[in-house]
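Heads up, structure_35.txt below (compact mmCIF, C-alpha atoms):
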# COMPACT_ATOMS: atom_id res chain seq x y z
CA MET A 1 12.33 13.77 -3.32
CA GLY A 2 9.09 15.59 -4.03
CA PHE A 3 7.65 16.41 -7.45
CA ARG A 4 5.09 18.80 -8.91
CA SER A 5 3.35 17.76 -12.09
CA PRO A 6 4.46 19.90 -15.04
CA THR A 7 1.01 19.88 -16.60
CA SER A 8 -2.21 21.51 -15.50
CA PRO A 9 -5.23 19.30 -14.74
CA THR A 10 -6.73 20.17 -18.13
CA SER A 11 -3.62 19.75 -20.29
CA PRO A 12 -3.05 16.44 -22.12
CA ALA A 13 -0.37 14.15 -20.73
CA SER A 14 2.57 13.72 -23.09
CA PRO A 15 4.15 10.27 -23.53
CA ARG A 16 6.89 9.54 -21.01
CA GLN A 17 6.45 13.00 -19.49
CA TYR A 18 8.07 11.99 -16.18
CA GLN A 19 11.09 10.15 -17.60
CA THR A 20 13.60 12.99 -17.16
CA PHE A 21 12.53 13.53 -13.56
CA LEU A 22 12.64 9.82 -12.76
CA ASN A 23 16.04 9.36 -14.38
CA ALA A 24 17.38 11.98 -11.99
CA GLN A 25 16.26 9.82 -9.05
CA GLU A 26 18.26 6.74 -10.04
CA SER A 27 20.20 6.56 -6.78
CA SER A 28 17.50 7.94 -4.46
CA ALA A 29 16.05 5.83 -1.64
CA THR A 30 12.80 7.84 -1.59
CA LEU A 31 10.39 8.97 -4.27
CA VAL A 32 7.58 11.26 -3.12
CA LEU A 33 4.94 12.16 -5.72
CA ALA A 34 2.18 13.15 -3.28
CA HIS A 35 -0.69 14.99 -5.03
CA ALA A 36 1.22 15.16 -8.30
CA LYS A 37 -1.87 13.81 -10.13
CA ILE A 38 0.18 11.55 -12.36
CA GLY A 39 -2.76 9.29 -13.20
CA ASP A 40 -2.54 5.75 -14.52
CA SER A 41 -0.10 6.59 -17.33
CA GLY A 42 2.23 8.23 -14.83
CA ALA A 43 1.83 5.24 -12.52
CA GLN A 44 3.09 3.02 -15.33
CA GLU A 45 6.24 5.15 -15.72
CA VAL A 46 6.83 5.17 -11.96
CA ALA A 47 6.28 1.42 -11.79
CA GLU A 48 8.86 0.80 -14.50
CA PHE A 49 11.33 3.00 -12.64
CA ALA A 50 10.65 1.28 -9.30
CA SER A 51 10.98 -2.16 -10.87
CA ARG A 52 14.55 -1.52 -11.99
CA SER A 53 15.71 0.63 -9.07
CA ALA A 54 18.16 -1.03 -6.71
CA HIS A 55 17.92 1.81 -4.18
CA LEU A 56 14.25 2.77 -3.80
CA ARG A 57 12.92 2.06 -0.32
CA LEU A 58 9.96 4.49 -0.02
CA LEU A 59 7.42 5.24 -2.75
CA ASP A 60 4.73 7.80 -1.83
CA LEU A 61 1.88 8.10 -4.36
CA THR A 62 -0.63 9.90 -2.13
CA GLY A 63 -3.49 11.47 -4.09
CA CYS A 64 -2.11 10.74 -7.56
CA ASP A 65 -5.40 9.90 -9.33
CA ILE A 66 -4.43 6.26 -9.67
CA THR A 67 -7.25 3.82 -10.46
CA SER A 68 -7.34 0.04 -10.69
CA ASN A 69 -5.56 0.17 -14.06
CA GLY A 70 -2.62 2.06 -12.61
CA LEU A 71 -2.60 -0.28 -9.64
CA LEU A 72 -1.84 -3.19 -11.95
CA HIS A 73 1.41 -1.42 -12.91
CA ILE A 74 2.25 -0.66 -9.28
CA ALA A 75 1.67 -4.32 -8.44
CA GLN A 76 4.24 -5.30 -11.03
CA ALA A 77 6.75 -2.92 -9.43
CA VAL A 78 6.15 -4.46 -5.99
CA ARG A 79 6.62 -7.90 -7.50
CA CYS A 80 9.92 -6.96 -9.17
CA SER A 81 11.50 -4.69 -6.57
CA LEU A 82 14.05 -6.13 -4.17
CA SER A 83 14.43 -2.92 -2.17
CA LEU A 84 10.96 -1.34 -1.71
CA GLU A 85 10.03 -1.31 1.98
CA SER A 86 7.24 1.28 2.15
CA LEU A 87 4.42 1.91 -0.34
CA VAL A 88 1.94 4.76 0.24
CA LEU A 89 -1.23 4.78 -1.91
CA ARG A 90 -3.65 6.72 0.29
CA HIS A 91 -6.29 8.95 -1.30
CA ASN A 92 -6.38 7.05 -4.60
CA GLU A 93 -9.62 5.51 -5.93
CA ILE A 94 -7.95 2.19 -6.62
CA MET A 95 -11.24 0.31 -6.89
CA SER A 96 -12.48 2.50 -9.74
CA GLY A 97 -11.49 2.04 -13.38
CA PRO A 98 -11.87 -0.84 -15.86
CA ALA A 99 -9.63 -3.31 -14.00
CA GLY A 100 -11.84 -3.14 -10.92
CA GLU A 101 -10.99 -5.62 -8.19
CA GLU A 102 -8.27 -7.18 -10.36
CA GLY A 103 -5.94 -4.30 -9.49
CA LEU A 104 -6.30 -4.83 -5.76
CA ALA A 105 -5.89 -8.59 -6.14
CA ALA A 106 -2.69 -8.11 -8.15
CA LEU A 107 -1.25 -5.66 -5.61
CA CYS A 108 -1.99 -7.97 -2.69
CA GLN A 109 -0.52 -11.00 -4.45
CA ALA A 110 2.64 -9.01 -5.14
CA ALA A 111 2.83 -7.72 -1.57
CA ALA A 112 2.36 -11.23 -0.20
CA SER A 113 5.36 -12.50 -2.17
CA SER A 114 7.56 -9.44 -1.59
CA ALA A 115 10.82 -10.04 0.21
CA SER A 116 11.24 -6.38 1.15
CA LEU A 117 7.83 -4.71 1.77
CA ARG A 118 7.32 -3.77 5.42
CA HIS A 119 4.74 -0.95 5.28
CA LEU A 120 1.61 -0.53 3.15
CA ASP A 121 -0.67 2.51 3.36
CA LEU A 122 -4.13 2.12 1.73
CA ARG A 123 -6.06 4.76 3.67
CA TYR A 124 -9.02 6.36 1.85
CA CYS A 125 -8.72 4.00 -1.13
CA GLY A 126 -12.35 2.92 -1.53
CA VAL A 127 -11.84 -0.68 -0.39
CA GLN A 128 -15.15 -2.12 0.82
CA GLY A 129 -16.61 -5.29 2.25
CA GLU A 130 -15.49 -8.80 3.00
CA ALA A 131 -14.35 -9.91 -0.47
CA GLN A 132 -12.03 -6.96 -1.00
CA THR A 133 -10.73 -7.14 2.57
CA ALA A 134 -9.88 -10.79 1.93
CA HIS A 135 -7.37 -9.71 -0.71
CA ILE A 136 -5.63 -7.49 1.84
CA ALA A 137 -5.75 -10.18 4.52
CA SER A 138 -4.04 -12.58 2.12
CA ILE A 139 -0.89 -10.42 2.24
CA LEU A 140 -0.34 -11.52 5.84
CA GLN A 141 -0.46 -15.18 4.85
CA GLY A 142 2.53 -14.74 2.54
CA ASN A 143 4.52 -11.78 3.87
CA ALA A 144 5.45 -12.48 7.48
CA ALA A 145 7.71 -9.41 7.53
CA LEU A 146 4.94 -6.83 6.89
CA SER A 147 4.88 -4.88 10.16
CA HIS A 148 2.69 -1.83 9.41
CA LEU A 149 -0.65 -1.82 7.58
CA GLU A 150 -2.80 1.32 7.28
CA LEU A 151 -6.43 0.79 6.23
CA SER A 152 -8.32 3.66 7.89
CA TRP A 153 -11.43 5.07 6.20
CA ASN A 154 -12.14 2.10 4.00
CA LEU A 155 -15.58 0.60 4.69
CA LEU A 156 -14.46 -2.92 5.52
CA GLU A 157 -17.56 -3.48 7.66
CA ALA A 158 -17.97 -6.12 10.37
CA SER A 159 -17.50 -9.14 8.11
CA GLY A 160 -14.36 -7.71 6.57
CA GLY A 161 -12.98 -7.04 10.02
CA GLN A 162 -13.44 -10.68 10.98
CA VAL A 163 -11.52 -11.81 7.90
CA LEU A 164 -8.69 -9.42 8.74
CA ARG A 165 -8.66 -10.50 12.39
CA ASP A 166 -8.35 -14.16 11.42
CA SER A 167 -5.32 -13.41 9.22
CA ILE A 168 -3.65 -11.31 11.91
CA ARG A 169 -4.13 -14.19 14.33
CA MET A 170 -2.05 -16.40 12.02
CA THR A 171 0.92 -14.01 11.74
CA SER A 172 3.49 -12.75 14.20
CA GLY A 173 5.01 -10.01 12.07
CA LEU A 174 2.30 -7.33 12.05
CA PHE A 175 2.76 -4.80 14.87
CA ASP A 176 0.51 -1.94 13.77
CA CYS A 177 -2.78 -1.89 11.84
CA GLN A 178 -4.70 1.39 11.52
CA LEU A 179 -8.46 0.85 11.23
CA SER A 180 -10.16 4.16 12.07
CA GLY A 181 -13.48 4.65 10.26
CA CYS A 182 -13.61 1.10 8.87
CA ARG A 183 -16.90 0.22 10.64
CA LEU A 184 -15.54 -2.84 12.37
CA ALA A 185 -17.36 -4.27 15.38
CA ASP A 186 -15.95 -3.06 18.69
CA GLU A 187 -15.27 -6.64 19.75
CA THR A 188 -13.26 -7.26 16.57
CA LEU A 189 -11.25 -4.08 17.07
CA GLN A 190 -10.42 -5.19 20.62
CA GLU A 191 -9.37 -8.64 19.45
CA ILE A 192 -7.13 -7.14 16.76
CA ALA A 193 -5.56 -4.78 19.30
CA GLU A 194 -4.77 -7.74 21.56
CA LEU A 195 -3.25 -9.71 18.69
CA LEU A 196 -1.04 -6.78 17.68
CA LEU A 197 0.09 -6.41 21.28
CA ARG A 198 0.91 -10.11 21.34
CA ASN A 199 3.05 -9.68 18.23
CA ARG A 200 4.88 -6.67 19.61
CA LYS A 201 5.67 -8.52 22.85
CA ALA A 202 6.92 -11.56 20.96
CA HIS A 203 9.13 -9.39 18.77
CA LYS A 204 10.58 -7.59 21.78
CA ALA A 205 11.30 -10.88 23.49
CA SER A 206 13.03 -12.31 20.43
CA THR A 207 15.26 -9.25 20.02
CA GLN A 208 16.26 -9.37 23.69
CA ALA A 209 17.01 -13.09 23.71
As structure tokens, please, write out the structure in this file.
Amino acid sequence: MGFRSPTSPTSPASPRQYQTFLNAQESSATLVLAHAKIGDSGAQEVAEFASRSAHLRLLDLTGCDITSNGLLHIAQAVRCSLSLESLVLRHNEIMSGPAGEEGLAALCQAAASSASLRHLDLRYCGVQGEAQTAHIASILQGNAALSHLELSWNLLEASGGQVLRDSIRMTSGLFDCQLSGCRLADETLQEIAELLLRNRKAHKASTQA
């Protein structure tokens, strides 16, 4: 279900301002807050809701002004949830804010240990370079069920692409990885495409056996 923030961009956020709305979603499998501008305080409320929800499968936080601080709360929700399959965080500056890289590291650790997460969308999130890409690549080492990863328009660069490629090579679960505008070497992109095709073929063969 979609949501429009009740406050204007210039009005102060009141404590627990989203609680009534979230309580009404107790039995919902989807929660879409795209462009609601909930910020880090709103992310904390949403994370608490997602942590205790037994039904939530899709959480869309596109363009919600979430920084690294808010990402720490979202990471806790991913760690606690037994039902969340799809998490969308595109168009959030998750590398900004006081927590810095700690937020990304916490999210990736939670995603790696998740028993339910299948799809993660981090497009346009300001992730850059080899070290930050390594956090994302570590998800694949722990979560063999993650099948869709969207990273387009993060400047991973050539070295980051190699780290990601090496992790994809070690997993059979990832079928789709979006990397437009990430500045990966053409050779690396081709290798990743071949690895993803390998995984899709193996999955098809196992389901037909």
Correct to one decimal, the distance atom CA of Ile94 of chain A-atom CA of Leu151 of chain A is 13.0 Å
**OP:** Excluding Ile74 of chain A and any residue of its chain fewer than 5 positions from it, enumerate the residues within 10 Å of it, using only C-alpha atoms, and give them as a list in words.
**Re:** Asp40, Ala43, Gln44, Glu45, Val46, Ala47, Glu48, Ala50, Ser51, Ile66, Ser68, Asn69, Arg79, Cys80, Leu87, Leu89, Gly103, Ala106, Leu107 and Ala110 of chain A
Pairwise distance, atom CA of Phe175 of chain A with atom CA of His119 of chain A, equals 10.5 Å
What's the 10 Å shell around Ala144 of chain A, counting all atoms listed in the file, without same-chain residues fewer than 2 positions away, as a compact mmCIF listing (two decimals) with C-alpha atoms, in the coordinates of the input?
# COMPACT_ATOMS: atom_id res chain seq x y z
CA ALA A 112 2.36 -11.23 -0.20
CA SER A 113 5.36 -12.50 -2.17
CA SER A 114 7.56 -9.44 -1.59
CA ALA A 115 10.82 -10.04 0.21
CA LEU A 117 7.83 -4.71 1.77
CA ARG A 118 7.32 -3.77 5.42
CA ILE A 139 -0.89 -10.42 2.24
CA LEU A 140 -0.34 -11.52 5.84
CA GLN A 141 -0.46 -15.18 4.85
CA GLY A 142 2.53 -14.74 2.54
CA LEU A 146 4.94 -6.83 6.89
CA SER A 147 4.88 -4.88 10.16
CA MET A 170 -2.05 -16.40 12.02
CA THR A 171 0.92 -14.01 11.74
CA SER A 172 3.49 -12.75 14.20
CA GLY A 173 5.01 -10.01 12.07
CA LEU A 174 2.30 -7.33 12.05
Tell me, in Å to one decimal, how far atom CA of Leu61 of chain A is from atom CA of Ser86 of chain A.
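We find that atom CA of Leu61 of chain A and atom CA of Ser86 of chain A lie 10.8 Å from each other.
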Using all atoms listed in the file, can you tell me which of A:Ala202, A:Leu122, A:Ala105, A:Ala158 comes closest to Glu187 of chain A?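 Checking each of A:Ala202, A:Leu122, A:Ala105, A:Ala158 against Glu187 of chain A, counting all atoms listed in the file, the winner is A:Ala158.
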- [ ] Name all residues at most 12 Å from Leu155 of chain A (count only C-alpha atoms; drop same-chain ones fewer than 6 positions away) and give them as a VMD selection string.
- [x] chain A and resid 122 to 133 161 179 to 185
Within 9 Å of Ala137 of chain A using all atoms listed in the file, minus same-chain residues under 4 positions, as a list in words: Cys108, Gln132, Thr133, Gln141, Val163, Leu164, Arg165, Asp166, Ser167 and Ile168 of chain A
Segment 69-86 of chain A, all listed atoms, 6 Å padding on each side: what axis-aligned box centre and edge lengths in Å to one decimal come out, as lines of an AutoDock Vina configuration file?
center_x = 4.4
center_y = -2.9
center_z = -6.0
size_x = 32.0
size_y = 22.0
size_z = 28.2
Can you patch up segment 158-169 of chain A, filling it in to all heavy atoms, and show the result as a JSON list (two decimals), in the frame of the given file?
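Result file is selection.json:
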[["chain", "number", "residue", "atom", "x", "y", "z"],
["A", 158, "ALA", "N", -18.20, -5.12, 9.33],
["A", 158, "ALA", "CA", -17.97, -6.12, 10.37],
["A", 158, "ALA", "C", -17.41, -7.42, 9.80],
["A", 158, "ALA", "O", -16.48, -8.01, 10.36],
["A", 158, "ALA", "CB", -19.28, -6.40, 11.11],
["A", 159, "SER", "N", -17.95, -7.87, 8.68],
["A", 159, "SER", "CA", -17.50, -9.14, 8.11],
["A", 159, "SER", "C", -16.07, -9.04, 7.60],
["A", 159, "SER", "O", -15.27, -9.99, 7.75],
["A", 159, "SER", "CB", -18.44, -9.59, 6.98],
["A", 159, "SER", "OG", -18.49, -8.61, 5.96],
["A", 160, "GLY", "N", -15.73, -7.91, 7.01],
["A", 160, "GLY", "CA", -14.36, -7.71, 6.57],
["A", 160, "GLY", "C", -13.39, -7.68, 7.73],
["A", 160, "GLY", "O", -12.27, -8.20, 7.65],
["A", 161, "GLY", "N", -13.82, -7.08, 8.83],
["A", 161, "GLY", "CA", -12.98, -7.04, 10.02],
["A", 161, "GLY", "C", -12.68, -8.42, 10.57],
["A", 161, "GLY", "O", -11.56, -8.69, 11.03],
["A", 162, "GLN", "N", -13.65, -9.31, 10.48],
["A", 162, "GLN", "CA", -13.44, -10.68, 10.98],
["A", 162, "GLN", "C", -12.43, -11.42, 10.11],
["A", 162, "GLN", "O", -11.59, -12.17, 10.62],
["A", 162, "GLN", "CB", -14.78, -11.42, 11.00],
["A", 162, "GLN", "CG", -15.74, -10.88, 12.06],
["A", 162, "GLN", "CD", -17.14, -11.44, 11.91],
["A", 162, "GLN", "OE1", -17.41, -12.24, 11.02],
["A", 162, "GLN", "NE2", -18.04, -11.04, 12.79],
["A", 163, "VAL", "N", -12.49, -11.19, 8.81],
["A", 163, "VAL", "CA", -11.52, -11.81, 7.90],
["A", 163, "VAL", "C", -10.12, -11.31, 8.21],
["A", 163, "VAL", "O", -9.16, -12.10, 8.27],
["A", 163, "VAL", "CB", -11.88, -11.49, 6.43],
["A", 163, "VAL", "CG1", -10.76, -11.89, 5.49],
["A", 163, "VAL", "CG2", -13.18, -12.20, 6.04],
["A", 164, "LEU", "N", -9.99, -10.01, 8.42],
["A", 164, "LEU", "CA", -8.69, -9.42, 8.74],
["A", 164, "LEU", "C", -8.17, -9.93, 10.07],
["A", 164, "LEU", "O", -6.99, -10.30, 10.20],
["A", 164, "LEU", "CB", -8.81, -7.90, 8.76],
["A", 164, "LEU", "CG", -7.51, -7.11, 8.92],
["A", 164, "LEU", "CD1", -6.57, -7.38, 7.76],
["A", 164, "LEU", "CD2", -7.81, -5.62, 9.04],
["A", 165, "ARG", "N", -9.04, -9.99, 11.07],
["A", 165, "ARG", "CA", -8.66, -10.50, 12.39],
["A", 165, "ARG", "C", -8.12, -11.92, 12.30],
["A", 165, "ARG", "O", -7.09, -12.24, 12.91],
["A", 165, "ARG", "CB", -9.86, -10.46, 13.32],
["A", 165, "ARG", "CG", -9.63, -11.10, 14.69],
["A", 165, "ARG", "CD", -10.93, -11.57, 15.30],
["A", 165, "ARG", "NE", -11.59, -12.57, 14.46],
["A", 165, "ARG", "CZ", -12.88, -12.85, 14.50],
["A", 165, "ARG", "NH1", -13.68, -12.24, 15.36],
["A", 165, "ARG", "NH2", -13.41, -13.77, 13.71],
["A", 166, "ASP", "N", -8.78, -12.77, 11.53],
["A", 166, "ASP", "CA", -8.35, -14.16, 11.42],
["A", 166, "ASP", "C", -6.96, -14.27, 10.80],
["A", 166, "ASP", "O", -6.16, -15.12, 11.19],
["A", 166, "ASP", "CB", -9.36, -14.96, 10.60],
["A", 166, "ASP", "CG", -10.70, -15.12, 11.33],
["A", 166, "ASP", "OD1", -10.74, -14.88, 12.55],
["A", 166, "ASP", "OD2", -11.69, -15.48, 10.66],
["A", 167, "SER", "N", -6.65, -13.39, 9.84],
["A", 167, "SER", "CA", -5.32, -13.41, 9.22],
["A", 167, "SER", "C", -4.26, -12.88, 10.17],
["A", 167, "SER", "O", -3.15, -13.41, 10.22],
["A", 167, "SER", "CB", -5.32, -12.59, 7.93],
["A", 167, "SER", "OG", -5.97, -13.30, 6.89],
["A", 168, "ILE", "N", -4.60, -11.85, 10.93],
["A", 168, "ILE", "CA", -3.65, -11.31, 11.91],
["A", 168, "ILE", "C", -3.34, -12.36, 12.96],
["A", 168, "ILE", "O", -2.20, -12.46, 13.44],
["A", 168, "ILE", "CB", -4.19, -10.02, 12.55],
["A", 168, "ILE", "CG1", -4.32, -8.91, 11.50],
["A", 168, "ILE", "CG2", -3.30, -9.55, 13.70],
["A", 168, "ILE", "CD1", -4.99, -7.65, 12.01],
["A", 169, "ARG", "N", -4.33, -13.14, 13.33],
["A", 169, "ARG", "CA", -4.13, -14.19, 14.33],
["A", 169, "ARG", "C", -3.08, -15.20, 13.88],
["A", 169, "ARG", "O", -2.37, -15.79, 14.69],
["A", 169, "ARG", "CB", -5.46, -14.89, 14.61],
["A", 169, "ARG", "CG", -5.36, -15.99, 15.66],
["A", 169, "ARG", "CD", -6.72, -16.58, 15.97],
["A", 169, "ARG", "NE", -7.54, -15.66, 16.75],
["A", 169, "ARG", "CZ", -8.79, -15.30, 16.44],
["A", 169, "ARG", "NH1", -9.35, -15.80, 15.35],
["A", 169, "ARG", "NH2", -9.46, -14.47, 17.21]]
